[in-house]
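Structure file my_file_11.cif; described as mmCIF, C-alpha atoms.
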```
data_input
#
loop_
_atom_site.label_atom_id
_atom_site.label_comp_id
_atom_site.auth_asym_id
_atom_site.auth_seq_id
_atom_site.Cartn_x
_atom_site.Cartn_y
_atom_site.Cartn_z
CA MET T 93 0.00 0.00 0.00
CA THR T 94 1.35 3.39 -0.94
CA ARG T 95 1.31 6.32 1.48
CA ARG T 96 -1.50 7.94 -0.53
CA GLU T 97 -3.58 4.75 -0.43
CA LEU T 98 -2.98 4.43 3.32
CA LEU T 99 -4.14 8.00 3.97
CA ALA T 100 -7.20 7.46 1.79
CA ALA T 101 -8.09 4.29 3.70
CA LEU T 102 -7.68 6.01 7.04
CA GLY T 103 -9.82 8.90 5.88
CA ALA T 104 -12.60 6.58 4.76
CA ALA T 105 -12.62 4.53 7.95
CA PRO T 106 -14.68 6.99 10.06
CA LEU T 107 -17.24 7.32 7.25
CA GLN T 108 -17.57 3.56 7.00
CA ALA T 109 -17.93 3.32 10.79
CA LEU T 110 -20.85 5.74 10.68
CA HIS T 111 -22.86 3.23 8.64
CA ALA T 112 -21.59 -0.05 10.15
CA PRO T 113 -23.93 -1.98 12.46
CA ALA T 114 -23.42 -1.26 16.16
CA PRO T 115 -22.97 -4.08 18.70
CA PRO T 116 -26.31 -5.61 19.77
CA VAL T 117 -27.92 -4.88 23.12
CA ALA T 118 -29.98 -7.38 25.13
CA VAL T 119 -33.03 -6.35 27.17
CA ALA T 120 -35.16 -8.39 29.53
CA ARG T 121 -38.13 -8.01 31.81
CA CYS T 122 -37.42 -8.76 35.47
CA ALA T 123 -40.03 -7.80 38.05
CA SER T 124 -38.15 -8.65 41.23
CA TYR T 125 -34.71 -9.25 42.72
CA ASP T 126 -36.09 -12.60 43.91
CA GLU T 127 -36.17 -13.94 40.34
CA ASP T 128 -33.42 -16.15 38.90
CA LEU T 129 -31.11 -13.23 38.12
CA ALA T 130 -28.16 -15.43 37.16
CA GLY T 131 -30.31 -17.38 34.70
CA ILE T 132 -31.71 -14.21 33.15
CA LEU T 133 -28.24 -12.69 32.92
CA GLU T 134 -26.82 -15.81 31.24
CA ARG T 135 -29.56 -15.71 28.61
CA MET T 136 -28.84 -12.04 27.98
CA PHE T 137 -25.13 -12.76 27.58
CA ASP T 138 -26.00 -15.53 25.10
CA GLN T 139 -28.01 -12.99 23.08
CA ILE T 140 -24.92 -10.78 22.63
CA GLY T 141 -22.35 -13.51 21.94
CA GLY T 142 -21.86 -15.39 25.22
CA ALA T 143 -20.07 -14.58 28.48
CA GLY T 144 -17.29 -17.09 27.87
CA ALA T 145 -16.12 -15.34 24.72
CA LEU T 146 -15.71 -12.17 26.74
CA VAL T 147 -14.20 -13.26 30.05
CA LYS T 148 -12.70 -16.76 29.89
CA ASN T 149 -9.21 -16.86 31.45
CA ARG T 150 -9.27 -13.09 31.90
CA THR T 151 -9.11 -10.65 34.82
CA VAL T 152 -12.52 -9.00 35.08
CA THR T 153 -12.97 -5.74 36.98
CA VAL T 154 -16.57 -5.00 38.01
CA LYS T 155 -17.24 -1.31 38.73
CA LEU T 156 -20.14 -1.11 41.16
CA ASN T 157 -22.38 1.93 41.61
CA LEU T 158 -22.21 2.81 45.31
CA THR T 159 -22.59 6.56 44.97
CA GLY T 160 -22.81 8.63 48.14
CA SER T 161 -22.50 7.56 51.76
CA PRO T 162 -24.10 4.22 52.78
CA ALA T 163 -25.74 6.16 55.62
CA ASN T 164 -27.60 8.39 53.14
CA ARG T 165 -30.77 6.44 52.42
CA TRP T 166 -33.86 7.73 50.66
CA GLN T 167 -37.07 7.34 52.67
CA GLY T 168 -35.34 4.63 54.71
CA ARG T 169 -35.44 2.20 51.77
CA PRO T 170 -32.66 -0.34 51.12
CA LEU T 171 -29.91 1.24 49.05
CA GLY T 172 -30.17 -1.40 46.32
CA VAL T 173 -33.76 -0.52 45.39
CA THR T 174 -33.01 3.20 45.03
CA HIS T 175 -29.55 4.39 43.90
CA TYR T 176 -26.98 1.66 44.68
CA THR T 177 -26.07 -1.52 42.83
CA HIS T 178 -28.30 -4.20 44.32
CA PRO T 179 -26.28 -6.95 46.08
CA ARG T 180 -28.25 -9.67 44.27
CA THR T 181 -27.33 -8.33 40.83
CA ALA T 182 -23.67 -8.30 41.87
CA LEU T 183 -24.01 -11.87 43.16
CA ALA T 184 -25.63 -12.96 39.89
CA MET T 185 -22.88 -11.27 37.86
CA ALA T 186 -20.19 -13.04 39.90
CA HIS T 187 -21.91 -16.43 39.36
CA VAL T 188 -22.18 -15.88 35.60
CA LEU T 189 -18.63 -14.59 35.18
CA GLY T 190 -17.26 -17.44 37.29
CA ARG T 191 -19.12 -20.11 35.31
CA ALA T 192 -17.91 -18.47 32.11
CA GLY T 193 -14.30 -19.04 33.18
CA ALA T 194 -13.10 -15.66 34.45
CA ARG T 195 -9.67 -16.10 36.03
CA ARG T 196 -10.13 -13.27 38.55
CA ILE T 197 -13.17 -11.12 39.41
CA ARG T 198 -12.38 -7.87 41.20
CA PHE T 199 -15.23 -5.70 42.47
CA VAL T 200 -14.21 -2.05 42.68
CA GLU T 201 -15.54 1.35 43.64
CA SER T 202 -13.98 4.68 44.60
CA CYS T 203 -15.83 4.80 47.89
CA TRP T 204 -17.39 8.03 49.11
CA ALA T 205 -15.10 9.98 51.46
CA THR T 206 -12.82 7.09 52.42
CA ALA T 207 -9.79 5.12 51.25
CA GLY T 208 -10.60 2.25 53.61
CA PRO T 209 -11.37 -1.33 52.51
CA LEU T 210 -14.24 -1.72 50.07
CA GLU T 211 -15.48 -4.66 52.11
CA GLU T 212 -16.12 -2.44 55.14
CA TYR T 213 -17.99 0.05 52.98
CA MET T 214 -20.14 -2.74 51.55
CA LEU T 215 -20.88 -4.14 55.01
CA GLU T 216 -22.05 -0.70 56.10
CA ALA T 217 -24.37 -0.73 53.07
CA GLY T 218 -25.86 -4.06 54.20
CA TRP T 219 -24.05 -6.42 51.81
CA ASN T 220 -23.19 -10.04 52.58
CA VAL T 221 -19.54 -9.78 51.59
CA ARG T 222 -18.71 -13.39 52.45
CA GLN T 223 -21.48 -14.65 50.17
CA LEU T 224 -20.21 -12.50 47.30
CA ARG T 225 -16.61 -13.57 47.89
CA ASN T 226 -17.68 -17.23 47.65
CA ALA T 227 -19.85 -16.72 44.57
CA ALA T 228 -17.00 -17.60 42.20
CA PRO T 229 -13.29 -18.47 42.31
CA GLY T 230 -10.89 -15.55 42.48
CA VAL T 231 -13.26 -12.86 43.81
CA GLU T 232 -11.46 -9.80 45.19
CA PHE T 233 -12.38 -6.28 46.33
CA ALA T 234 -10.61 -2.95 45.91
CA ASN T 235 -11.35 0.62 46.91
CA THR T 236 -9.85 2.70 44.08
CA ASN T 237 -10.35 6.09 45.76
CA ALA T 238 -6.59 6.28 46.37
CA ARG T 239 -3.37 4.49 45.42
CA GLY T 240 -4.08 1.48 47.63
CA PRO T 241 -1.33 -1.19 47.69
CA TYR T 242 0.41 0.17 44.59
CA LYS T 243 3.46 2.42 44.54
CA ASP T 244 1.98 4.85 42.03
CA TYR T 245 -0.93 5.48 39.66
CA ALA T 246 -1.52 4.39 36.07
CA ARG T 247 -1.86 6.99 33.33
CA PHE T 248 -4.69 6.61 30.80
CA ALA T 249 -4.35 8.98 27.87
CA VAL T 250 -7.48 10.22 26.12
CA PRO T 251 -7.34 9.42 22.38
CA GLY T 252 -7.13 12.60 20.37
CA GLY T 253 -5.90 14.66 23.31
CA GLY T 254 -9.08 14.87 25.37
CA LEU T 255 -11.92 17.34 25.78
CA ILE T 256 -11.16 18.56 29.31
CA TYR T 257 -8.08 16.62 30.42
CA PRO T 258 -5.49 15.01 28.12
CA ALA T 259 -5.09 12.01 30.43
CA TRP T 260 -6.40 10.54 33.68
CA MET T 261 -4.44 9.07 36.59
CA LEU T 262 -6.20 6.01 38.02
CA ASN T 263 -5.61 3.22 40.50
CA ARG T 264 -3.48 0.50 38.89
CA ALA T 265 -6.29 -2.03 39.36
CA TYR T 266 -7.75 -0.59 36.14
CA GLU T 267 -4.45 -1.21 34.34
CA GLU T 268 -4.49 -4.85 35.47
CA THR T 269 -7.93 -5.27 33.90
CA ASP T 270 -8.62 -7.36 30.80
CA VAL T 271 -12.40 -6.84 30.88
CA LEU T 272 -14.10 -3.85 32.53
CA VAL T 273 -17.73 -4.25 33.60
CA SER T 274 -19.91 -1.28 34.51
CA MET T 275 -22.81 -2.24 36.80
CA ALA T 276 -25.15 0.74 36.70
CA LYS T 277 -28.66 1.70 37.76
CA LEU T 278 -31.32 3.09 35.42
CA LYS T 279 -31.51 6.65 36.80
CA ASP T 280 -31.85 10.30 35.96
CA HIS T 281 -28.99 12.63 36.92
CA ALA T 282 -29.15 16.23 38.06
CA THR T 283 -25.96 17.22 36.19
CA THR T 284 -25.67 14.89 33.19
CA GLY T 285 -29.35 14.15 32.52
CA ILE T 286 -29.03 10.39 32.91
CA THR T 287 -26.61 8.12 34.73
CA LEU T 288 -26.22 4.69 33.21
CA ALA T 289 -23.16 2.58 32.31
CA MET T 290 -21.08 5.47 30.95
CA LYS T 291 -21.63 7.87 33.85
CA ASN T 292 -20.91 5.09 36.35
CA ILE T 293 -17.29 5.15 35.17
CA PHE T 294 -16.81 8.62 36.62
CA GLY T 295 -16.56 6.69 39.89
CA ILE T 296 -13.22 5.17 38.89
CA THR T 297 -11.49 8.53 39.46
CA PRO T 298 -9.54 8.65 42.75
CA ALA T 299 -10.50 11.45 45.14
CA SER T 300 -6.88 11.44 46.26
CA ILE T 301 -6.13 13.28 43.00
CA TYR T 302 -9.49 14.66 41.81
CA GLY T 303 -11.18 15.22 45.18
CA ASP T 304 -12.04 18.49 46.88
CA ASP T 305 -9.34 17.76 49.48
CA ALA T 306 -6.74 16.42 47.03
CA GLY T 307 -3.22 17.62 47.68
CA GLN T 308 -1.85 20.66 45.90
CA GLU T 309 1.54 19.10 45.18
CA GLU T 310 0.82 15.38 45.54
CA PRO T 311 -2.16 13.04 46.05
CA ASN T 312 -3.93 12.96 49.39
CA GLU T 313 -4.00 9.26 50.19
CA SER T 314 -6.68 9.74 52.87
CA PRO T 315 -9.42 11.62 50.98
CA GLU T 316 -12.60 12.50 52.85
CA LYS T 317 -14.50 14.57 50.27
CA GLY T 318 -16.05 14.32 46.80
CA ARG T 319 -15.03 15.69 43.39
CA LEU T 320 -17.19 18.79 42.92
CA ILE T 321 -14.50 21.47 43.01
CA VAL T 322 -12.05 19.80 40.61
CA CYS T 323 -14.28 17.97 38.14
CA HIS T 324 -17.77 19.49 38.24
CA GLU T 325 -16.81 23.12 38.77
CA GLY T 326 -13.17 23.29 37.68
CA LYS T 327 -12.23 25.64 40.53
CA ARG T 328 -8.82 24.04 40.94
CA GLN T 329 -6.56 21.63 39.08
CA PRO T 330 -6.13 17.98 40.08
CA ALA T 331 -3.18 16.98 42.21
CA PRO T 332 0.09 16.03 40.50
CA PRO T 333 1.00 13.73 38.84
CA ALA T 334 -2.29 14.24 36.97
CA PRO T 335 -2.00 16.65 34.02
CA ALA T 336 -3.83 19.96 34.24
CA GLU T 337 -6.84 20.55 32.04
CA ARG T 338 -6.27 21.54 28.44
CA ASP T 339 -8.01 24.91 28.53
CA PRO T 340 -8.45 26.66 31.91
CA SER T 341 -10.52 29.33 30.14
CA SER T 342 -13.19 26.83 29.03
CA PRO T 343 -16.67 27.07 30.65
CA ARG T 344 -16.89 26.19 34.36
CA ASP T 345 -20.50 25.09 33.91
CA PRO T 346 -20.91 21.50 35.24
CA GLY T 347 -23.36 20.86 32.40
CA TYR T 348 -20.50 21.54 30.00
CA ARG T 349 -17.66 19.88 31.93
CA MET T 350 -19.18 16.66 33.25
CA PRO T 351 -20.57 15.27 29.96
CA ARG T 352 -17.14 15.81 28.41
CA ILE T 353 -15.34 14.24 31.35
CA VAL T 354 -17.61 11.18 31.19
CA ALA T 355 -17.11 10.88 27.43
CA GLU T 356 -13.32 11.11 27.60
CA LEU T 357 -13.07 8.71 30.55
CA ASN T 358 -14.96 6.15 28.47
CA ALA T 359 -12.52 6.73 25.62
CA ALA T 360 -9.45 6.46 27.86
CA ARG T 361 -10.60 3.40 29.87
CA PRO T 362 -13.23 1.67 27.70
CA ILE T 363 -16.01 -0.47 29.15
CA HIS T 364 -16.30 -3.99 27.74
CA ILE T 365 -19.55 -5.07 29.42
CA SER T 366 -22.32 -2.63 30.34
CA PHE T 367 -25.08 -3.79 32.66
CA ILE T 368 -28.00 -1.56 33.70
CA ASP T 369 -30.36 -2.55 36.51
CA GLY T 370 -33.83 -1.10 36.10
CA ILE T 371 -35.74 -3.57 38.28
CA GLU T 372 -36.23 -0.94 41.00
CA THR T 373 -34.65 2.51 41.03
CA ILE T 374 -35.36 6.21 41.45
CA ALA T 375 -36.51 8.84 38.96
CA GLY T 376 -35.77 12.55 39.11
CA GLY T 377 -32.12 12.32 40.14
CA GLU T 378 -29.21 10.09 41.05
CA GLY T 379 -29.41 10.00 44.85
CA PRO T 380 -31.10 11.18 48.07
CA TRP T 381 -29.41 14.60 47.88
CA VAL T 382 -31.62 15.51 44.89
CA ARG T 383 -35.11 16.88 45.55
CA ASN T 384 -38.37 15.47 44.16
CA LEU T 385 -37.23 11.88 43.70
CA ARG T 386 -39.67 9.08 42.93
CA HIS T 387 -39.30 5.36 43.62
CA VAL T 388 -40.11 3.46 40.42
CA LYS T 389 -40.21 -0.17 39.27
CA PRO T 390 -39.52 -0.37 35.53
CA GLY T 391 -38.80 -4.09 35.83
CA LEU T 392 -36.02 -4.01 33.22
CA LEU T 393 -32.45 -5.21 32.68
CA VAL T 394 -30.11 -4.06 29.90
CA LEU T 395 -26.80 -5.63 28.80
CA GLY T 396 -24.34 -4.80 26.03
CA THR T 397 -20.71 -4.84 25.01
CA ASN T 398 -20.52 -1.15 24.09
CA ALA T 399 -21.31 1.53 26.66
CA VAL T 400 -22.69 4.09 24.20
CA THR T 401 -25.04 1.68 22.45
CA THR T 402 -26.17 0.19 25.77
CA ASP T 403 -26.82 3.63 27.26
CA ALA T 404 -28.66 4.68 24.10
CA VAL T 405 -31.04 1.75 24.55
CA GLY T 406 -31.28 2.50 28.28
CA ALA T 407 -32.19 6.14 27.58
CA ALA T 408 -34.84 5.05 25.07
CA LEU T 409 -36.32 2.64 27.62
CA MET T 410 -36.63 5.63 29.98
CA GLY T 411 -38.66 7.40 27.31
CA TYR T 412 -35.85 9.71 26.18
CA ASP T 413 -34.30 10.38 22.78
CA PRO T 414 -30.64 9.32 23.13
CA ARG T 415 -29.70 11.87 20.44
CA ALA T 416 -31.47 14.80 22.13
CA GLN T 417 -29.60 18.09 22.12
CA ARG T 418 -28.97 20.39 25.08
CA GLY T 419 -32.19 22.05 26.15
CA THR T 420 -34.28 18.93 25.48
CA ARG T 421 -35.20 16.40 28.17
CA PRO T 422 -33.25 14.77 29.75
CA PHE T 423 -30.43 17.12 28.77
CA GLU T 424 -32.20 20.36 29.67
CA HIS T 425 -29.15 21.82 31.43
CA CYS T 426 -26.25 19.85 29.97
CA ASP T 427 -24.66 18.62 26.77
CA ASN T 428 -25.40 15.07 25.66
CA MET T 429 -22.54 12.84 26.80
CA LEU T 430 -23.65 10.04 24.44
CA LEU T 431 -23.10 12.28 21.42
CA LEU T 432 -19.78 13.51 22.80
CA ALA T 433 -18.61 9.91 23.29
CA GLU T 434 -19.83 9.12 19.79
CA GLN T 435 -17.66 11.93 18.44
CA LEU T 436 -14.68 10.40 20.26
CA GLY T 437 -15.32 7.09 18.51
CA VAL T 438 -16.47 5.19 21.62
CA GLY T 439 -19.70 3.93 20.06
CA SER T 440 -22.99 4.83 18.39
CA ALA T 441 -26.08 6.39 19.98
CA ASP T 442 -28.11 5.85 16.80
CA LEU T 443 -30.98 3.46 17.58
CA ASN T 444 -31.37 2.74 13.86
CA ARG T 445 -27.98 1.00 13.93
CA ILE T 446 -28.51 -0.96 17.15
CA GLU T 447 -30.15 -4.39 17.15
CA VAL T 448 -32.08 -4.85 20.38
CA ARG T 449 -32.47 -8.49 21.35
CA GLY T 450 -34.92 -9.95 23.84
CA GLY T 451 -37.72 -7.47 23.25
CA ARG T 452 -38.75 -4.26 21.51
CA ILE T 453 -38.11 -0.87 23.06
CA GLU T 454 -41.63 0.32 22.29
CA ASP T 455 -43.06 -2.64 24.24
CA LEU T 456 -40.76 -2.16 27.26
CA VAL T 457 -40.47 1.60 27.64
CA PHE T 458 -41.04 3.02 31.13
CA ARG T 459 -41.30 6.79 30.93
CA PHE T 460 -39.24 8.55 33.58
#
```
In structure tokens, write the structure found in this file.
Amino acid sequence: MTRRELLAALGAAPLQALHAPAPPVAVARCASYDEDLAGILERMFDQIGGAGALVKNRTVTVKLNLTGSPANRWQGRPLGVTHYTHPRTALAMAHVLGRAGARRIRFVESCWATAGPLEEYMLEAGWNVRQLRNAAPGVEFANTNARGPYKDYARFAVPGGGLIYPAWMLNRAYEETDVLVSMAKLKDHATTGITLAMKNIFGITPASIYGDDAGQEEPNESPEKGRLIVCHEGKRQPAPPAPAERDPSSPRDPGYRMPRIVAELNAARPIHISFIDGIETIAGGEGPWVRNLRHVKPGLLVLGTNAVTTDAVGAALMGYDPRAQRGTRPFEHCDNMLLLAEQLGVGSADLNRIEVRGGRIEDLVFRF
């Protein structure tokens, strides 16, 4: 191939990708956490190519959604039926991944306001940690809110240079990962409109570097605060060794910054398996700190191998247009992170290109 032919081929590739079929997404009805979740999940995996093809003999990192303090409950309800990953979905995922031959299954979360053991955080949230540990061979736990047992952090560059930051510094557990799983809830979000598999990955960022109490010259390995000042509002730069943002004069509006941060994180540390729990959840926001929440029971599960396509289907099941522009529900006050991720080449938010298996969106939609 000559240099001219090579350049022509590279130039045509994005155009061809625009019209290529997107990875399929599986959907299923599930009315209760008492159902055979592992059986349902296995059937969904089979509909998108099989769990074994994805995880056999690999290290699988499962990013949970344990946002906010375990003590912060909405209306006194169990955390798993409102804004947290439900323990039974995590148990089912461990069973399925173990039976599919995963070599190691590591559950992770950057726990709210602590760098302590993830197991203690989960116990405070009411989880049976021993049961989850015994669900499959090689189950581990890691709090990625700081450096942990590693000597330093891993650098994940954003392809194309990034939208807000050129690269992200993360716990090395994410570098040791062959397959990254995002276990999300089907929820609205006060800042980004929706929070599904893609937004869940914001929780891989360590507060030691990106937290409100991160060090000025080095990471704070005992963080006790969230990430509003650095990430949402951009009032200060992250702690070294993280690179500063590309353009300090860019808008400080969280509705501008956070969708771009979510999109570039998904480009820098791609998700391989996206799982969205919509059996029971909340509408109107992402957690108890948001006003006017509603407890809802859509009775749905969503699974895919591409975060953008899976979230597009998830948004449609919520009654939203995944290609909606800013100013249109659910993106009334923010840019659409699905479209931003699409522009970065992470995946497609075009429902016309996505084959939905297990049911039709129009038959399953639950309007948030």
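Residues captured in this structure file are Leu110, His111, Ala112, Pro113, Ala114, Pro115, Pro116, Thr401, Ser440, Ala441, Asp442, Leu443, Asn444, Ile446, Glu447 and Val448 of chain T, according to the PyMOL selection byres ((chain T and resi 445) around 10).
A straight line drawn from CA of Ala192 (chain T) to CA of Phe137 (chain T) is 10.3 Å long.
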Each residue of region 226-311 of chain T lying at most 8 Å from region 335-355 of chain T should get a row with its shortest atom-to-atom pair and the distance in Å to one decimal, counting all atoms listed in the file; could you produce that, ordered by chain and increasing number, as a Markdown table?
```
| residue | atom | partner | partner_atom | distance |
| --- | --- | --- | --- | --- |
| T:Gly254 | CA | T:Arg338 | CA | 7.9 |
| T:Leu255 | CA | T:Arg352 | CA | 6.0 |
| T:Ile256 | CA | T:Glu337 | CA | 5.5 |
| T:Tyr257 | CA | T:Glu337 | CA | 4.4 |
| T:Pro258 | CA | T:Arg338 | CA | 6.6 |
| T:Ala259 | CA | T:Pro335 | CA | 6.6 |
| T:Trp260 | CA | T:Pro335 | CA | 7.5 |
| T:Thr283 | CA | T:Gly347 | CA | 5.9 |
| T:Thr284 | CA | T:Pro351 | CA | 6.0 |
| T:Met290 | CA | T:Val354 | CA | 6.7 |
| T:Lys291 | CA | T:Val354 | CA | 5.8 |
| T:Ile293 | CA | T:Val354 | CA | 7.2 |
| T:Phe294 | CA | T:Val354 | CA | 6.1 |
```
### Task
Please evaluate the PyMOL selection byres ((chain T and resi 264) around 12) against the structure above and give the resulting residues as an MDAnalysis selection string.
chainID T and resid 153 200 234:248 260:263 265:269 296:298 361
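Taken over the whole file, the PyMOL selection byres ((chain T and resi 272) around 7) covers exactly T:Val152, T:Thr153, T:Val154, T:Thr269, T:Asp270, T:Val271, T:Val273, T:Ser274, T:Ile363, T:His364, T:Ile365.
In this comparison, which uses all atoms listed in the file, the residue of T:Arg198, T:His387, T:Arg421, T:Lys279 approaching Arg225 (chain T) most closely is T:Arg198.
Nearest to Ala143 (chain T) of all the residues T:Cys122, T:Glu127, T:Gly193, T:Leu320 is T:Gly193, counting all atoms listed in the file.
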#### Entry: Point-to-point distance in Å for CA of Gly411 (chain T) and CA of Phe460 (chain T)
6.4 Å
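Among the candidates T:Ala289, T:Ala334, T:Leu146, T:Ala205, the one nearest to Gln308 (chain T) when counting all atoms listed in the file is T:Ala334.
Every protein, DNA or RNA residue with an atom at most 9 Å from Trp166 (chain T), where all atoms listed in the file count and chain neighbours fewer than 6 positions away do not, is listed here: T:Thr174, T:His175, T:Gly379, T:Pro380, T:Trp381, T:Leu385.
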### Query
T:Ser300, T:Thr402, T:Asn292, T:Thr373: which is nearest Asn358 (chain T), counting all atoms listed in the file?
T:Asn292
### Query
For Pro362 (chain T), which residue out of T:Gln167, T:Val400, T:Arg319, T:Thr420 is the nearest one, using only C-alpha atoms?
T:Val400
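The space between CA of Leu357 (chain T) and CA of Pro162 (chain T) spans 25.2 Å.
With all atoms listed in the file as the atoms that count, the residue of T:Leu431, T:Leu278, T:Val382, T:Ala249 with the shortest distance to Asn164 (chain T) is T:Val382.
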### Task
Would you mind listing what lies within 7 Å of Gly451 (chain T) as a PyMOL selection string, with all atoms listed in the file counted and same-chain residues fewer than 2 positions away left out?
chain T and resi 119-120+448-449+453
### Message
What's around Glu309 (chain T) at 9 Å? Count all atoms listed in the file, leave out sequence neighbours fewer than 5 positions away in its own chain, and write the answer as a PyMOL selection string.
### Response
chain T and resi 331-333
### Task
Might you pull out every residue within 9 Å of Pro330 (chain T), with only C-alpha atoms counted and same-chain residues fewer than 6 positions away left off, and present them as a ChimeraX atom specification?
/T:301-303,306-308,311,322-323,336-337
Deliver the residues from the most recent selection as a file, using C-alpha atoms, as a PDB file, keeping the file's coordinate frame.
```pdb
ATOM      1  CA  ILE T 301      -6.130  13.280  43.000  1.00  0.00           C
ATOM      2  CA  TYR T 302      -9.490  14.660  41.810  1.00  0.00           C
ATOM      3  CA  GLY T 303     -11.180  15.220  45.180  1.00  0.00           C
ATOM      4  CA  ALA T 306      -6.740  16.420  47.030  1.00  0.00           C
ATOM      5  CA  GLY T 307      -3.220  17.620  47.680  1.00  0.00           C
ATOM      6  CA  GLN T 308      -1.850  20.660  45.900  1.00  0.00           C
ATOM      7  CA  PRO T 311      -2.160  13.040  46.050  1.00  0.00           C
ATOM      8  CA  VAL T 322     -12.050  19.800  40.610  1.00  0.00           C
ATOM      9  CA  CYS T 323     -14.280  17.970  38.140  1.00  0.00           C
ATOM     10  CA  ALA T 336      -3.830  19.960  34.240  1.00  0.00           C
ATOM     11  CA  GLU T 337      -6.840  20.550  32.040  1.00  0.00           C
TER      12      GLU T 337
END
```
